[in-house]
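These notes concern the structure reproduced below.
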Amino acid sequence: MTLIFEHPICLEHDMGAGHPERPDRLQAIQMALAEPEFAALARREAPFADWAQIALVHPQGYIDQVVAAAPAQGRVQLDPDTAMNPASLDAARRAAGAVCAAIDAVMAGEATNAFCAVRPPGHHAEPERSMGFCIFNSVAIGAQHARAAHGLKRVAVVDFDVHHGNGTQAAFWNDGDLFFGSTHQMPLYPGTGAAAETGAGNIHNFPLPPGAAGVAFRDALTDGLLPALDDFGPELLLVSAGFDAHVDDPLAQLRLETEDYAWVSRELLDLAARHCQSRLVSSLEGGYDLGALAMATAAHVRTLMAA
């Protein structure tokens with residue numbers, strides 16, 4: 001069974017007119033997942049992550065800064081790309097809480113896998129700073145929650161967003177029991193993600209040049225990322241599911257098609273079946289063309305349901 005975690009507050013987080021990370025993104029996904037083929041999905045409300053869970057990744061000083069910045073009205077900028085309105089703090093806590101609750105559910109055997117249809121995204125948020133539309137790093141928090149709450153040792157994150165997940169990399173950098181593997185366009189924001197960035201031997205970056213299409217993406221996974229992940233042998237697999245490497249996305253220049261997202265989803269599910277009793281939790285990151293986002297997310301969730 002596949003679970004979907006969502007919450008209405010994630011639609012209320014709004015960083016202003018013209019911002020690419022907008023509520024319409026989640027509305028497009030919700031419409032796609034309302035089609036009859038997804039009627040069997042079990043849906044749950046994303047809870048708040050408690051502050052202790054968030055503090056597994058983000059120091060208390062940073063948490064205090066974010067809480068103090070949260071506005072009662074209007075908007076405040078955390079960085080040039082990331083703003084908060086009155087709903088943003090709760091939305092960010094629900095996004096992180098969704099990943100933690102999804103992990104709890106798959107660890108308890110209540111579901112085989114889960115997708116967290118939440119925003120704001122998280123993978124650019126470093127332990128001590130917001131970046132790139134991200135406030136709290138939901139997937140990194142989830143990885144540490146899996147170890148703290150469920151006694152797991154080896155947890156992996158695979159990130160196929162077109163932008164490198166610098167925040168997750170920074171959170172995992174010195175911890176050989178946490179795996180971070182990423183395909184992404186380079187050069188591109190945020191400027192990190194070179195193949196030479198390896199942390200404690202647990203960081204595996206596979207940068208792709210502008211214009212690269214599905215063949216290059218699949219080769220990077222088949223020849224590099226997936227064998228490294230097999231060698232790591234995770235007990236739980238988390239996915240930073242960004243769909244902005246799609247050919248139609250306006251913020252980058254990779255040329256993936258919708259079927260490439262179904263393919264990578266199948267490959268990750270096969271690996272999860274080999275190593276971690278099929279336990280896989282995926283969370284939305286980027287994706288800014290609404291049509292491409294809806295189609296790619298539907299392909300991803302459809303594949304999860306077939307596992």
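Every chain in the structure tokens takes a letter, A first, then B, and so on in the order presented; its residues are numbered from 1, and the ligands are numbered from 1 following the presented order.
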So that I can check the surroundings of Phe232 in chain A, please list as a ChimeraX atom specification every protein, DNA and RNA residue that reaches within 8 Å of it, counting only C-alpha atoms and ignoring chain neighbours fewer than 3 positions away.
/A:154,179,228-229
I need the chosen residues saved as a PDB file, in the first residue's frame, with C-alpha atoms.
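Saved result, out15.pdb, follows:
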ATOM      1  CA  ARG A 154      22.154   3.066   7.620  1.00  0.00           C
ATOM      2  CA  PHE A 179      24.239   8.005   2.250  1.00  0.00           C
ATOM      3  CA  ALA A 228      27.100   2.752  -4.745  1.00  0.00           C
ATOM      4  CA  LEU A 229      23.716   2.513  -3.053  1.00  0.00           C
TER       5      LEU A 229
END
Which residues of range 150-191 of chain A come within 10 Å of range 242-247 of chain A, and what is each one's closest atom pair and distance in Å (one decimal), counting only C-alpha atoms, sorted by chain and residue number, as CSV?
residue,atom,partner,partner_atom,distance
A:Asp159,CA,A:Gly242,CA,7.4
A:Phe160,CA,A:Gly242,CA,6.0
A:Asp161,CA,A:Gly242,CA,3.8
A:Val162,CA,A:Ala245,CA,4.6
A:His163,CA,A:Asp244,CA,8.1
A:Thr183,CA,A:Ala245,CA,9.6
A:His184,CA,A:Ala245,CA,7.7
A:Gln185,CA,A:Ala245,CA,7.9
From CA of Leu89 in chain A to CA of Asp14 in chain A the spacing works out at 11.2 Å
Using only C-alpha atoms, pick whichever of A:Leu221, A:Lys153, A:Pro209, A:Arg266 has the shortest atom-to-atom distance to Gly233 in chain A.
A:Lys153
Counting only C-alpha atoms, which residue out of A:Gly132, A:Ser88, A:His145, A:Pro250 sits closest to Tyr288 in chain A?
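Ranking A:Gly132, A:Ser88, A:His145, A:Pro250 by distance to Tyr288 in chain A, first place goes to A:Pro250.
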Determine which residues of range 24-177 of chain A receive a DSSP assignment of alpha helix (DSSP H), computed from the backbone, and state them as a ChimeraX atom specification.
/A:24-32,51-54,60-69,88-107,138-150,166-172
Here is a test: counting only C-alpha atoms, which residue of A:Asp270, A:Glu285, A:Glu45, A:Asp104 is nearest to Gly142 in chain A?
A:Asp104
Which residues are close to Glu126 in chain A, i.e. within 9 Å by only C-alpha atoms, leaving aside same-chain residues fewer than 3 positions away? Reply as a ChimeraX atom specification.
/A:57-58,122-123,129-131,134-137,166-171
Which of range 46-165 of chain A end up as strand (DSSP E) when DSSP is run on this backbone - answer as a ChimeraX atom specification?
/A:76-79,82-84,113-116,155-159
Keeping only C-alpha atoms, write the selected residues to a file as a CSV table (one decimal), in the first residue's frame.
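Saved as selection.csv:
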chain,number,residue,atom,x,y,z
A,76,VAL,CA,9.7,38.5,5.4
A,77,GLN,CA,12.7,37.4,3.5
A,78,LEU,CA,15.0,34.7,5.0
A,79,ASP,CA,17.3,34.9,2.0
A,82,THR,CA,13.1,32.3,0.4
A,83,ALA,CA,10.3,34.2,2.1
A,84,MET,CA,7.8,33.5,4.9
A,113,ASN,CA,6.0,3.2,0.7
A,114,ALA,CA,4.8,6.8,0.9
A,115,PHE,CA,4.8,10.1,-0.9
A,116,CYS,CA,4.7,13.4,0.9
A,155,VAL,CA,19.7,5.5,6.0
A,156,ALA,CA,20.0,6.6,2.4
A,157,VAL,CA,18.7,9.7,0.5
A,158,VAL,CA,18.6,9.7,-3.3
A,159,ASP,CA,17.9,13.2,-4.8
Nearest to Leu238 in chain A by atom-to-atom distance, counting only C-alpha atoms, from A:Asp260, A:Arg255, A:Phe172, A:Phe180:
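Closest to Leu238 in chain A, using only C-alpha atoms: A:Phe180.
Omitting range 91-97 of chain A and its sequence neighbours fewer than 3 positions away, and counting only C-alpha atoms, the residues within 8 Å are His7, Ile9, Cys10, Glu12, His13, Ala46, Pro47, Phe48, Ala49, Asp50, Ile54, Ala87, Ser88, Cys100, Ala101, Cys116, Val118, Arg119, Pro120, Pro121, Ile135, Phe136, Asn137, Ser138, Val139, Ile141 and Gly142 of chain A.
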Shell around range 191-205 of chain A at 6 Å using only C-alpha atoms, local window under 4 positions removed, as a ChimeraX atom specification
/A:164,173-174,176,179-182
Which one of A:Gly286, A:Leu304, A:Ala143, A:Asp230 sits closest to Leu271 in chain A if you count only C-alpha atoms?
A:Asp230
Test item: residues at most 12 Å from Leu269 in chain A, only C-alpha atoms, excluding those fewer than 2 positions along its chain, as a ChimeraX atom specification:
/A:112-114,158,226,236-239,262-267,271-282,300-301,303-307
Could you write out that same residue set with N, CA and C atoms as a short mmCIF file (atom, residue, chain, number, x, y, z; two decimals), in the first residue's frame?
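Output (part-v1.cif):
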data_model
loop_
_atom_site.label_atom_id
_atom_site.label_comp_id
_atom_site.auth_asym_id
_atom_site.auth_seq_id
_atom_site.Cartn_x
_atom_site.Cartn_y
_atom_site.Cartn_z
N THR A 112 3.73 0.06 2.34
CA THR A 112 4.99 -0.34 1.72
C THR A 112 5.86 0.87 1.46
N ASN A 113 5.23 1.95 1.02
CA ASN A 113 5.96 3.17 0.70
C ASN A 113 5.02 4.35 0.87
N ALA A 114 5.58 5.56 0.73
CA ALA A 114 4.77 6.76 0.94
C ALA A 114 5.33 7.91 0.11
N VAL A 158 18.31 9.53 -1.89
CA VAL A 158 18.59 9.73 -3.30
C VAL A 158 17.81 10.96 -3.75
N LEU A 226 23.40 3.89 -8.40
CA LEU A 226 22.74 2.68 -7.90
C LEU A 226 23.73 1.63 -7.40
N LEU A 236 16.69 1.87 5.10
CA LEU A 236 15.55 2.71 4.71
C LEU A 236 16.02 3.60 3.59
N LEU A 237 15.16 3.78 2.56
CA LEU A 237 15.50 4.62 1.43
C LEU A 237 14.55 5.82 1.38
N LEU A 238 15.11 7.01 1.40
CA LEU A 238 14.36 8.25 1.27
C LEU A 238 14.68 8.89 -0.08
N VAL A 239 13.70 9.55 -0.66
CA VAL A 239 13.86 10.15 -1.98
C VAL A 239 13.49 11.62 -1.93
N ALA A 262 9.30 7.53 -14.10
CA ALA A 262 8.78 6.19 -13.81
C ALA A 262 9.93 5.19 -13.71
N TRP A 263 10.90 5.31 -14.62
CA TRP A 263 12.05 4.39 -14.62
C TRP A 263 12.85 4.50 -13.33
N VAL A 264 13.22 5.72 -12.93
CA VAL A 264 14.04 5.86 -11.71
C VAL A 264 13.25 5.39 -10.49
N SER A 265 11.94 5.60 -10.50
CA SER A 265 11.12 5.13 -9.38
C SER A 265 11.16 3.62 -9.30
N ARG A 266 11.06 2.94 -10.44
CA ARG A 266 11.14 1.47 -10.44
C ARG A 266 12.50 0.99 -9.95
N GLU A 267 13.55 1.64 -10.40
CA GLU A 267 14.90 1.23 -9.98
C GLU A 267 15.09 1.39 -8.47
N LEU A 271 15.66 -1.57 -5.58
CA LEU A 271 16.75 -1.55 -4.62
C LEU A 271 16.21 -1.62 -3.19
N ALA A 272 15.12 -0.91 -2.93
CA ALA A 272 14.51 -0.97 -1.60
C ALA A 272 14.04 -2.38 -1.29
N ALA A 273 13.53 -3.09 -2.29
CA ALA A 273 13.09 -4.47 -2.07
C ALA A 273 14.27 -5.37 -1.72
N ARG A 274 15.43 -5.10 -2.31
CA ARG A 274 16.61 -5.93 -2.04
C ARG A 274 17.18 -5.69 -0.64
N HIS A 275 17.13 -4.45 -0.19
CA HIS A 275 17.91 -4.09 1.00
C HIS A 275 17.07 -3.74 2.23
N CYS A 276 15.88 -3.18 2.06
CA CYS A 276 15.21 -2.62 3.23
C CYS A 276 13.72 -2.95 3.26
N GLN A 277 13.41 -4.19 2.91
CA GLN A 277 12.02 -4.66 3.01
C GLN A 277 11.05 -3.72 2.28
N SER A 278 11.52 -3.14 1.20
CA SER A 278 10.73 -2.25 0.33
C SER A 278 10.40 -0.91 0.98
N ARG A 279 10.99 -0.60 2.10
CA ARG A 279 10.63 0.64 2.80
C ARG A 279 11.24 1.85 2.08
N LEU A 280 10.35 2.68 1.52
CA LEU A 280 10.77 3.85 0.77
C LEU A 280 9.81 4.98 1.06
N VAL A 281 10.36 6.15 1.35
CA VAL A 281 9.56 7.36 1.57
C VAL A 281 10.09 8.46 0.66
N SER A 282 9.19 9.06 -0.11
CA SER A 282 9.54 10.08 -1.07
C SER A 282 8.87 11.39 -0.67
N HIS A 300 5.47 8.92 -10.91
CA HIS A 300 6.19 8.48 -9.72
C HIS A 300 5.26 7.75 -8.76
N VAL A 301 4.11 8.35 -8.46
CA VAL A 301 3.17 7.75 -7.51
C VAL A 301 2.56 6.48 -8.10
N THR A 303 3.98 4.41 -9.99
CA THR A 303 5.00 3.37 -9.84
C THR A 303 5.09 2.89 -8.40
N LEU A 304 5.00 3.83 -7.46
CA LEU A 304 4.98 3.42 -6.05
C LEU A 304 3.81 2.48 -5.76
N MET A 305 2.67 2.80 -6.32
CA MET A 305 1.47 1.97 -6.07
C MET A 305 1.61 0.56 -6.64
N ALA A 306 2.40 0.42 -7.69
CA ALA A 306 2.56 -0.88 -8.34
C ALA A 306 3.58 -1.77 -7.64
N ALA A 307 4.28 -1.22 -6.67
CA ALA A 307 5.34 -2.01 -6.01
C ALA A 307 4.75 -3.15 -5.19
#
